[in-house]
Amino acid sequence: MHILHVTRQYLPGVGGMEDYVRCLSREQLAQNSVSVLTLNKTFGEPDRVLADQENIDGVDVQRISFSGSERYPFAPSVLRHLSAADVVHVHGVDFFADFLAATTMVHRKPLVLSTHGGFFHTSFAAKMKRLYFNQVTRHSLKAYRAVIACSQSDHDMFATITDDRLLTIENGVDVRKFAGLAARDTKTILSFGRLAPNKEPEKLLRWFAALRRQDPEWKLVIAGKPMGVDVAALTDLARQLGVTDAFEVVPFPSDAELAGLISKSSFFASAASHEGFGIAAVEAASAGLFPVLSDIPAHQYTRTRLGYGLLETFDDPKSPERFLDLYRAGALLVPPKEVLATSLQSFAWSGVSQQIETLYDTILGTRRRSFGGIDVPVMDAASALDQLGGIVRARQPQVVAFCNAHTVNVARRDPAFSEAMSEALVLNDGAGIDIASKLLYGRKFPANLNGTDLVPAFLRQFRTKLRVYIIGSAPGIAARAGRMLQRINPKIEVVGTDHGFFDPKDEALLAQRVRAADPDLVLVGMGQPQQELWASRNVKAIGLPIICVGGLIDFVAEAAVRAPEWMRAARLEWTYRLYLEPRRLARRYLIGNVTFLAAIANEARRGVRFRTKSGGTPQRQAGLHA
């Protein structure tokens with residue numbers, strides 16, 4: 001899979017989004033081809049033009065020029081760089097997010113969006129932002145197969161404008177980058193990350209000045225890339241507050257410089273008024289700095305996940321004294337390394353990357369595709385035969401079923417049938433499912449695994465004795481089919497047969513007869529949904545594999561005639577069956593196929609590829625049933 005990350009800022013830029021894309025790309029490189037498309041300037045350095053192409057940590061980085069403001073950089077040339085991508089992962093809600101959404105009919109690439117806090121980091125133009133969010137952003141998100149909320153606060157925000165394509169995969173953090181670097185015995189407080197207005201560096205500096213008036217041994221260092229904060233004004237404020245000798249601001253620190261600052265510090269402080277997630281606080285904790293954080297939702301959540309830290313109201317006049325009292329009482333201690341390592345593990349990028357990889361697979365249908373709530377694995381004929389062989393040889397109590405257009409229609413209106421199919425191994429059957437696969441996932445299945453051809457091929461390949469019980473069709477037909485199967489493969493031993501028109505009150509007795517006959521495999525052909533419902537209800541009691549074979553029993557017994565070979569090859573067997581039984585099959589094939597295709601077209605238009613549980617993990621894709 002080739003993954004293209006599109007982000008307005010990337011290395012050598014410094015910030016949460018840059019770090020997110022860097023860490024995610026690094027994890028994804030192990031199994032995928034990964035590249036990054038970004039702008040050719042880092043914000044805050046308007047005169048520095050970066051190289052058009054560069055390889056950073058094994059990731060190909062392509063850069064394009066832009067016009068307009070840094071808040072909404074205009075870069076339509078992005079369209080020239082999408083051709084090799086299997087999935088385009090857009091980061092942030094900006095021009096790229098809107099433009100790629102508006103041009104989906106041009107580039108036709110599956111789009112995924114990571115929210116990164118939206119664009120509400122400051123109060124600037126708040127009303128206009130909210131209007132834009134509720135109108136333009138709401139419309140843009142309809143083009144995305146999935147919207148990843150990077151935090152719970154992002155989920156709450158974006159849930160107001162999108163649907164079931166939204167799920168929460170919280171930011172990962174590189175917990176190894178600064179691991180264990182902090183000093184444990186200094187009175188130095190470090191704050192790092194973007195120097196942006198929402199980080200409230202002036203509020204932190206005023207808090208520190210009040211702290212130092214009570215204990216002049218303390219020092220404060222603020223480090224980060226200036227993004228809307230005037231470093232000179234910050235330095236001048238320190239002079240006015242009388243803390244120049246105890247305060248340092250370090251703009252544009254490299255990772256090496258930041259590591260050096262951490263090694264001289266014991267506390268991390270953030271007075272931010274808004275955070276989408278708060279990566280810096282977790283990085284600081286991984287280094288062994290004790291976090292002192294503003295009492296906002298993102299920091300509250302981080303404090304809960306870490307299991308320690310101090311939440312403060314930095315503009316409360318009593319806050320500095322409260323901090324010093326806790327410090328002197330020995331209450332502001334970092335947990336032991338083993339305990340800290342356990343709490344940090346939930347932030348690790350390996351788990352986050354795996355969740356996102358699963359999401360890609362879901363929306364691309366790489367391993368599994370879904371139609372009307374029925375999941376169908378992607379397999380070729382050889383793989384399907386191998387899997388069936390493994391199930392039968394292990395005598396595994398597993399239902400095997402087949403999914404065609406009629407199956408999907410029935411599942412949409414029958415929750416019990418849908419539930420039964422969700423527990424079965426379901427194989428793709430027919431041209432209708434291939435058309436749906438092409439519309440929803442961009443490609444057909446590797447092979448048509450219809451049961452009428454696959455099951456005989458499966459039975460024919462056995463070279464050891466195979467005990468089979470057959471249930472279905474009219475009285476006498478199953479027994480005749482059994483004799484024909486033994487001609488196909490003499491290794492088959494038919495140990496019992498029953499017709500499919502038994503009284504429902506005899507169902508338990510039938511299951512007992514099957515179990516007593518001790519077959520290796522049960523074939524049941526009673527038509528959909530009866531055969532799947534029966535198999536689902538009885539597979540555990542029987543304790544053996546059950547394959548739902550539909551009309552195969554009639555065909556094998558020569559009680560029904562299959563279409564000529566050329567019609568089967570052209571995927572037109574359904575028309576032949578309709579010709580033979582127009583009264584019984586007209587509604588199923590004529591009305592049913594139209595209904596099926598209309599529903600699939602609607603799913604393709606909506607772009608929904610998954611549903612979520614309350615926890616936000618990807619579940620059954622494109623399903624209309626909960």
# chains A, B, ... in the order shown; residues from 1 in each chain; ligands from 1

call {"tool": "residues_around", "arguments": {"residues": "Gln240 (chain A)", "least_positions_apart": "4", "cutoff": "12 Å", "atoms": "only C-alpha atoms", "output": "PyMOL selection string"}}
result
chain A and resi 202+205-206+209+233-236+244-245

call {"tool": "residues_around", "arguments": {"residues": "Leu521 (chain A)", "least_positions_apart": "2", "cutoff": "6 Å", "atoms": "only C-alpha atoms", "output": "list of chain:residue names"}}
result
A:Val468, A:Pro519, A:Pro545

call {"tool": "residues_around", "arguments": {"residues": "Leu113 (chain A)", "least_positions_apart": "6", "cutoff": "6 Å", "atoms": "only C-alpha atoms", "output": "NGL selection string"}}
result
:A and (89-91 or 147-148)

call {"tool": "residues_around", "arguments": {"residues": "Gly278 (chain A)", "least_positions_apart": "3", "cutoff": "7 Å", "atoms": "only C-alpha atoms", "output": "list in words"}}
result
Glu275, Ala281, Ala298 and His299 of chain A

call {"tool": "write_last_selection", "arguments": {"atoms": "C-alpha atoms", "output": "PDB file, in the first residue's frame"}}
result
ATOM      1  CA  GLU A 275      -5.122  22.083  23.355  1.00  0.00           C
ATOM      2  CA  ALA A 281       3.004  17.314  28.143  1.00  0.00           C
ATOM      3  CA  ALA A 298      -7.158  18.011  27.144  1.00  0.00           C
ATOM      4  CA  HIS A 299      -4.848  18.328  30.138  1.00  0.00           C
TER       5      HIS A 299
END

call {"tool": "closest_residue", "arguments": {"among": "A:Val59, A:Ile477, A:Leu82, A:Met227", "to": "Glu45 (chain A)", "atoms": "only C-alpha atoms"}}
result
A:Met227

call {"tool": "residues_around", "arguments": {"residues": "Thr452 (chain A)", "least_positions_apart": "4", "cutoff": "12 Å", "atoms": "only C-alpha atoms", "output": "MDAnalysis selection string"}}
result
chainID A and resid 401:402 427:430 448 456:459 525 547:556 561:563 568 573

call {"tool": "closest_residue", "arguments": {"among": "A:Ala599, A:Leu37, A:Leu310, A:Leu324", "to": "Leu293 (chain A)", "atoms": "only C-alpha atoms"}}
result
A:Leu310

call {"tool": "closest_residue", "arguments": {"among": "A:Met526, A:Leu364, A:Ala271, A:Ala287", "to": "Val334 (chain A)", "atoms": "only C-alpha atoms"}}
result
A:Ala287

call {"tool": "select_by_dssp", "arguments": {"residues": "region 283-443 of chain A", "states": "strand (DSSP E)", "output": "list in words"}}
result
Phe290, Pro291, Val292, Leu293, Ser294, Leu310, Leu311, Glu312, Arg368, Arg369, Ser370, Phe371, Ile374, Asp375, Val376, Pro377, Val399, Val400, Ala401, Phe402, Cys403, Leu425, Val426, Leu427 and Asn428 of chain A

call {"tool": "residues_around", "arguments": {"residues": "Arg8 (chain A)", "least_positions_apart": "2", "cutoff": "12 Å", "atoms": "only C-alpha atoms", "output": "number ranges by chain"}}
result
A: 5-6, 10-11, 13, 15, 17-18, 21, 36-43, 62-66, 69-75, 78, 90-97

call {"tool": "residues_around", "arguments": {"residues": "Ile169 (chain A)", "least_positions_apart": "3", "cutoff": "12 Å", "atoms": "only C-alpha atoms", "output": "number ranges by chain"}}
result
A: 113-116, 146-155, 166, 172, 277, 346-347, 349, 351-359, 612, 615-618

call {"tool": "select_by_dssp", "arguments": {"residues": "region 197-279 of chain A", "states": "alpha helix (DSSP H)", "output": "ChimeraX atom specification"}}
result
/A:201-214,231-241,255-262,279

call {"tool": "write_last_selection", "arguments": {"atoms": "C-alpha atoms", "output": "CSV table (one decimal), in the first residue's frame"}}
result
chain,number,residue,atom,x,y,z
A,201,PRO,CA,3.3,32.1,27.5
A,202,GLU,CA,2.6,35.5,29.0
A,203,LYS,CA,0.3,34.0,31.6
A,204,LEU,CA,2.9,31.4,32.4
A,205,LEU,CA,5.6,34.1,32.8
A,206,ARG,CA,3.4,36.2,35.1
A,207,TRP,CA,2.7,33.1,37.2
A,208,PHE,CA,6.4,32.4,37.4
A,209,ALA,CA,7.2,35.9,38.5
A,210,ALA,CA,4.8,35.5,41.4
A,211,LEU,CA,6.3,32.2,42.2
A,212,ARG,CA,9.8,33.6,42.2
A,213,ARG,CA,8.9,36.4,44.5
A,214,GLN,CA,8.3,33.7,47.1
A,231,VAL,CA,9.8,36.7,21.4
A,232,ALA,CA,11.0,40.2,21.9
A,233,ALA,CA,7.8,41.2,23.7
A,234,LEU,CA,8.1,38.1,25.9
A,235,THR,CA,11.6,39.1,26.8
A,236,ASP,CA,10.5,42.7,27.5
A,237,LEU,CA,7.7,41.4,29.8
A,238,ALA,CA,10.3,39.4,31.8
A,239,ARG,CA,12.2,42.6,32.2
A,240,GLN,CA,9.1,44.4,33.5
A,241,LEU,CA,8.4,41.6,35.9
A,255,ASP,CA,15.7,18.2,19.2
A,256,ALA,CA,19.3,18.1,20.5
A,257,GLU,CA,18.9,21.6,22.0
A,258,LEU,CA,15.6,20.6,23.6
A,259,ALA,CA,17.1,17.5,25.0
A,260,GLY,CA,19.8,19.6,26.6
A,261,LEU,CA,17.2,21.9,28.2
A,262,ILE,CA,15.3,18.9,29.5
A,279,ILE,CA,1.7,16.1,23.0

call {"tool": "closest_residue", "arguments": {"among": "A:Pro253, A:Pro216, A:Pro110, A:Pro297", "to": "Tyr144 (chain A)", "atoms": "only C-alpha atoms"}}
result
A:Pro110

call {"tool": "atom_distance", "arguments": {"atom1": "CA of Leu425 (chain A)", "atom2": "CA of Ile471 (chain A)"}}
result
19.3 Å

call {"tool": "closest_residue", "arguments": {"among": "A:Arg176, A:His406, A:Arg145, A:Lys129", "to": "Phe371 (chain A)", "atoms": "only C-alpha atoms"}}
result
A:His406

call {"tool": "atom_distance", "arguments": {"atom1": "CA of Phe99 (chain A)", "atom2": "CA of Gly276 (chain A)"}}
result
23.2 Å

call {"tool": "atom_distance", "arguments": {"atom1": "CA of Lys109 (chain A)", "atom2": "CA of Arg26 (chain A)"}}
result
22.5 Å
